[in-house]
Amino acid sequence: MLVTLEGLDGSGKTTVWESLRETYPDAVFTREPTESWYGDAVYRSIDADDADPLAELFLYTADHADHLSRVVRPALADGDLVVSDRYSDSRYAYQGATLADSDIDDPLAYIQSVHEPFTRQPDLTIYLDINPETAAERSGKTNKFEQSDYLQRVRENYERLIDADPERFARIDATQSPAAVFEAVEARIDDAL
Ligand SMILES: Nc1ncnc2c1ncn2[C@@H]1O[C@H](COP(=O)(O)OP(=O)(O)O)[C@@H](O)[C@H]1O
Ligand SMILES: Cc1cn([C@H]2C[C@H](O)[C@@H](COP(=O)(O)OP(=O)(O)O)O2)c(=O)[nH]c1=O
């Protein structure tokens with residue numbers, strides 16, 4: 001089963017992901033951007049204020065393709081539980097926002113169409129719901145993606161994804177205490193298992 005953690009920067013994904021390691025010691029814990037050289041290229045782009053947003057989309061997408069073939073698909077084929085801190089929905093939401101002013105009509109739909117032929121849809125996506133101001137505060141606004149007006153557009157894109165596929169998403173209020181968030185996440189994963 002493939003479980004993904006999604007939400008704005010600072011929503012608490014990594015905190016939850018670390019705690020889940022103790023609950024599911026046999027699961028495969030992974031993340032995007034990955035730790036491969038594709039992921040390194042993505043981080044270079046994140047740090048470049050003048051990066052072309054379309055070029056950046058394809059860097060992230062290349063990292064995803066490698067992640068799928070090298071980590072996700074083999075683990076699923078072995079019957080493992082896979083928990084990924086960010087996955088395709090991050091592209092739909094974030095690059096859907098960075099490309100909002102481009103010549104592409106509906107960037108979110110375009111990015112989905114690029115992924116559809118090769119990606120593996122998650123079985124369950126935990127969405128850690130938080131307002132952009134709290135998210136930006138928590139994340140320290142260290143990079144160009146962590147500004148609250150940008151995060152507002154990203155959040156709207158996540159809402160659109162949830163509306164289109166409500167069965168797959170579990171929305172968790174990420175402003176609760178870390179313990180309450182973790183308990184809610186664990187309950188949703190246990191249900192799905
Ligand atoms: N439920 C929570 N309440 C308050 N602070 C939190 C909570 N979850 C995480 N944090 C803190 O917020 C910051 C960002 O958390 P992190 O897990 O790195 O988020 P993300 O991976 O989504 O960017 C960290 O300093 C973390 O300790
Ligand atoms: C995976 C992914 C991440 N991102 C962005 C979100 C983050 O601002 C940045 C790095 O992701 P990440 O290291 O997960 O940041 P955080 O832990 O703060 O949430 O990359 C995208 O824009 N598109 C993507 O497809």
# chains A, B, ... in the order shown; residues from 1 in each chain; ligands from 1
call {"tool": "residues_near_ligand", "arguments": {"ligand": "ligand 1", "cutoff": "7 Å", "atoms": "only C-alpha atoms and all ligand atoms", "output": "compact mmCIF listing (two decimals) with C-alpha atoms, in the first residue's frame"}}
result
# COMPACT_ATOMS: atom_id res chain seq x y z
CA GLY A 7 0.54 19.71 2.89
CA LEU A 8 2.13 23.13 2.91
CA ASP A 9 5.71 23.68 4.05
CA GLY A 10 5.62 23.68 7.84
CA SER A 11 2.40 21.63 8.07
CA GLY A 12 4.26 18.93 10.02
CA LYS A 13 4.73 16.21 7.38
CA THR A 14 8.29 15.39 8.30
CA THR A 15 7.46 15.30 12.02
CA VAL A 16 4.66 12.78 11.36
CA ARG A 138 6.63 27.34 11.20
CA SER A 139 8.77 26.72 8.14
CA ALA A 174 -2.47 20.23 11.40
CA THR A 175 -2.89 23.06 13.93
CA GLN A 176 -3.54 20.48 16.67
CA SER A 177 -0.72 19.40 18.98
CA PRO A 178 1.90 17.11 17.40
CA VAL A 181 -1.98 15.07 14.68
call {"tool": "residues_near_ligand", "arguments": {"ligand": "ligand 2", "cutoff": "6 Å", "atoms": "only C-alpha atoms and all ligand atoms", "output": "list in words"}}
result
Asp9, Gly10, Glu32, Pro33, Tyr60, Arg86, Tyr87, Ser90, Arg91, Tyr94, Gln95, Phe145 and Glu146 of chain A
call {"tool": "atom_distance", "arguments": {"atom1": "atom CA of Val114 of chain A", "atom2": "atom CA of Arg168 of chain A"}}
result
20.1 Å
call {"tool": "residues_around", "arguments": {"residues": "Ser88 of chain A", "least_positions_apart": "3", "cutoff": "8 Å", "atoms": "only C-alpha atoms", "output": "JSON list (two decimals) with N, CA and C atoms, in the first residue's frame"}}
result
[["chain", "number", "residue", "atom", "x", "y", "z"],
["A", 64, "HIS", "N", 10.72, 12.24, -9.69],
["A", 64, "HIS", "CA", 9.60, 11.33, -9.40],
["A", 64, "HIS", "C", 9.71, 10.03, -10.20],
["A", 91, "ARG", "N", 3.58, 18.23, -6.79],
["A", 91, "ARG", "CA", 3.79, 18.84, -8.12],
["A", 91, "ARG", "C", 2.51, 19.53, -8.60],
["A", 92, "TYR", "N", 1.39, 18.83, -8.48],
["A", 92, "TYR", "CA", 0.13, 19.41, -8.97],
["A", 92, "TYR", "C", -0.16, 20.73, -8.24],
["A", 115, "HIS", "N", 1.88, 13.30, -15.73],
["A", 115, "HIS", "CA", 2.13, 12.19, -14.80],
["A", 115, "HIS", "C", 1.31, 10.93, -15.12]]
call {"tool": "select_by_dssp", "arguments": {"residues": "segment 2-180 of chain A", "states": "strand (DSSP E or B)", "output": "list in words"}}
result
Leu2, Val3, Thr4, Leu5, Glu6, Gly7, Val28, Phe29, Thr30, Arg31, Val82, Val83, Ser84, Asp85, Leu124, Thr125, Ile126, Tyr127, Leu128, Asp129, Phe169, Ala170, Arg171, Ile172 and Asp173 of chain A
call {"tool": "write_last_selection", "arguments": {"atoms": "N, CA and C atoms", "output": "short mmCIF file (atom, residue, chain, number, x, y, z; two decimals), in the first residue's frame"}}
result
data_model
loop_
_atom_site.label_atom_id
_atom_site.label_comp_id
_atom_site.auth_asym_id
_atom_site.auth_seq_id
_atom_site.Cartn_x
_atom_site.Cartn_y
_atom_site.Cartn_z
N LEU A 2 0.48 2.22 -0.79
CA LEU A 2 1.24 3.48 -0.87
C LEU A 2 0.49 4.60 -0.16
N VAL A 3 1.12 5.11 0.90
CA VAL A 3 0.56 6.22 1.67
C VAL A 3 1.44 7.45 1.44
N THR A 4 0.82 8.58 1.10
CA THR A 4 1.62 9.79 0.92
C THR A 4 1.18 10.86 1.93
N LEU A 5 2.16 11.70 2.31
CA LEU A 5 1.90 12.81 3.23
C LEU A 5 2.02 14.10 2.43
N GLU A 6 0.98 14.90 2.47
CA GLU A 6 0.99 16.15 1.71
C GLU A 6 0.56 17.31 2.60
N GLY A 7 0.92 18.51 2.16
CA GLY A 7 0.54 19.71 2.89
C GLY A 7 1.54 20.81 2.62
N VAL A 28 8.59 0.97 4.23
CA VAL A 28 9.64 1.72 3.51
C VAL A 28 9.30 3.20 3.61
N PHE A 29 10.21 3.97 4.20
CA PHE A 29 9.99 5.42 4.36
C PHE A 29 10.81 6.17 3.32
N THR A 30 10.13 6.98 2.54
CA THR A 30 10.82 7.65 1.46
C THR A 30 10.26 9.06 1.31
N ARG A 31 10.86 9.85 0.41
CA ARG A 31 10.41 11.23 0.28
C ARG A 31 10.73 11.81 -1.09
N VAL A 82 4.52 1.53 1.86
CA VAL A 82 5.43 2.62 1.48
C VAL A 82 4.82 3.93 1.98
N VAL A 83 5.62 4.71 2.73
CA VAL A 83 5.15 6.00 3.23
C VAL A 83 6.05 7.09 2.65
N SER A 84 5.48 7.94 1.80
CA SER A 84 6.29 8.97 1.16
C SER A 84 5.92 10.37 1.66
N ASP A 85 6.93 11.09 2.14
CA ASP A 85 6.80 12.49 2.56
C ASP A 85 6.85 13.32 1.27
N LEU A 124 -3.68 6.06 -0.28
CA LEU A 124 -4.18 6.98 0.75
C LEU A 124 -3.25 8.19 0.80
N THR A 125 -3.85 9.37 0.82
CA THR A 125 -3.05 10.59 0.95
C THR A 125 -3.52 11.36 2.18
N ILE A 126 -2.59 11.51 3.12
CA ILE A 126 -2.86 12.28 4.34
C ILE A 126 -2.58 13.74 4.01
N TYR A 127 -3.60 14.57 4.13
CA TYR A 127 -3.40 16.00 3.87
C TYR A 127 -3.38 16.75 5.21
N LEU A 128 -2.22 17.29 5.56
CA LEU A 128 -2.09 18.04 6.82
C LEU A 128 -2.49 19.49 6.54
N ASP A 129 -3.68 19.81 7.01
CA ASP A 129 -4.33 21.08 6.67
C ASP A 129 -3.92 22.19 7.65
N PHE A 169 -8.19 11.11 -0.15
CA PHE A 169 -7.58 12.02 0.82
C PHE A 169 -8.17 11.87 2.23
N ALA A 170 -7.30 11.99 3.23
CA ALA A 170 -7.74 12.12 4.62
C ALA A 170 -7.24 13.46 5.11
N ARG A 171 -8.16 14.35 5.41
CA ARG A 171 -7.76 15.69 5.86
C ARG A 171 -7.59 15.68 7.38
N ILE A 172 -6.44 16.14 7.83
CA ILE A 172 -6.16 16.20 9.27
C ILE A 172 -5.86 17.65 9.63
N ASP A 173 -6.46 18.13 10.70
CA ASP A 173 -6.20 19.49 11.17
C ASP A 173 -4.79 19.56 11.74
#
call {"tool": "closest_residue", "arguments": {"among": "A:Asp63, A:Asp123, A:Asp190, A:Asp106", "to": "Ala93 of chain A", "atoms": "only C-alpha atoms"}}
result
A:Asp106
call {"tool": "atom_distance", "arguments": {"atom1": "atom CA of Arg153 of chain A", "atom2": "atom CA of Trp37 of chain A"}}
result
29.0 Å
call {"tool": "closest_residue", "arguments": {"among": "A:Glu22, A:Asp103, A:Asp78, A:Asp40", "to": "Pro53 of chain A", "atoms": "only C-alpha atoms"}}
result
A:Asp103
call {"tool": "select_by_dssp", "arguments": {"residues": "segment 71-136 of chain A", "states": "helix (DSSP H, G or I)", "output": "ChimeraX atom specification"}}
result
/A:71-77,88-98,107-115,132-136
call {"tool": "write_last_selection", "arguments": {"atoms": "C-alpha atoms", "output": "PDB file, in the first residue's frame"}}
result
ATOM      1  CA  VAL A  71      12.122   2.762  -4.735  1.00  0.00           C
ATOM      2  CA  VAL A  72       8.320   2.844  -4.861  1.00  0.00           C
ATOM      3  CA  ARG A  73       7.437   0.173  -7.432  1.00  0.00           C
ATOM      4  CA  PRO A  74       9.977  -2.431  -6.174  1.00  0.00           C
ATOM      5  CA  ALA A  75       8.783  -1.962  -2.572  1.00  0.00           C
ATOM      6  CA  LEU A  76       5.118  -2.271  -3.556  1.00  0.00           C
ATOM      7  CA  ALA A  77       5.954  -5.373  -5.612  1.00  0.00           C
ATOM      8  CA  SER A  88       2.848  13.719  -7.109  1.00  0.00           C
ATOM      9  CA  ASP A  89       0.230  15.936  -5.452  1.00  0.00           C
ATOM     10  CA  SER A  90       3.063  18.296  -4.429  1.00  0.00           C
ATOM     11  CA  ARG A  91       3.789  18.843  -8.122  1.00  0.00           C
ATOM     12  CA  TYR A  92       0.132  19.411  -8.974  1.00  0.00           C
ATOM     13  CA  ALA A  93      -0.266  21.898  -6.115  1.00  0.00           C
ATOM     14  CA  TYR A  94       3.112  23.705  -6.113  1.00  0.00           C
ATOM     15  CA  GLN A  95       4.042  23.727  -9.796  1.00  0.00           C
ATOM     16  CA  GLY A  96       0.356  24.356 -10.542  1.00  0.00           C
ATOM     17  CA  ALA A  97       0.964  27.603  -8.609  1.00  0.00           C
ATOM     18  CA  THR A  98       4.405  28.527 -10.024  1.00  0.00           C
ATOM     19  CA  PRO A 107      -1.258  24.136 -15.216  1.00  0.00           C
ATOM     20  CA  LEU A 108      -2.632  21.741 -12.600  1.00  0.00           C
ATOM     21  CA  ALA A 109      -4.472  19.680 -15.251  1.00  0.00           C
ATOM     22  CA  TYR A 110      -1.441  19.848 -17.545  1.00  0.00           C
ATOM     23  CA  ILE A 111       0.895  18.511 -14.819  1.00  0.00           C
ATOM     24  CA  GLN A 112      -1.550  15.714 -14.047  1.00  0.00           C
ATOM     25  CA  SER A 113      -1.639  14.777 -17.733  1.00  0.00           C
ATOM     26  CA  VAL A 114       2.186  14.574 -17.784  1.00  0.00           C
ATOM     27  CA  HIS A 115       2.128  12.187 -14.799  1.00  0.00           C
ATOM     28  CA  PRO A 132      -0.533  29.620   5.002  1.00  0.00           C
ATOM     29  CA  GLU A 133       0.420  32.130   7.712  1.00  0.00           C
ATOM     30  CA  THR A 134       1.047  29.454  10.346  1.00  0.00           C
ATOM     31  CA  ALA A 135       2.765  27.305   7.739  1.00  0.00           C
ATOM     32  CA  ALA A 136       5.111  30.128   6.686  1.00  0.00           C
TER      33      ALA A 136
END
call {"tool": "atom_distance", "arguments": {"atom1": "atom CA of Thr61 of chain A", "atom2": "atom CA of Thr119 of chain A"}}
result
9.9 Å
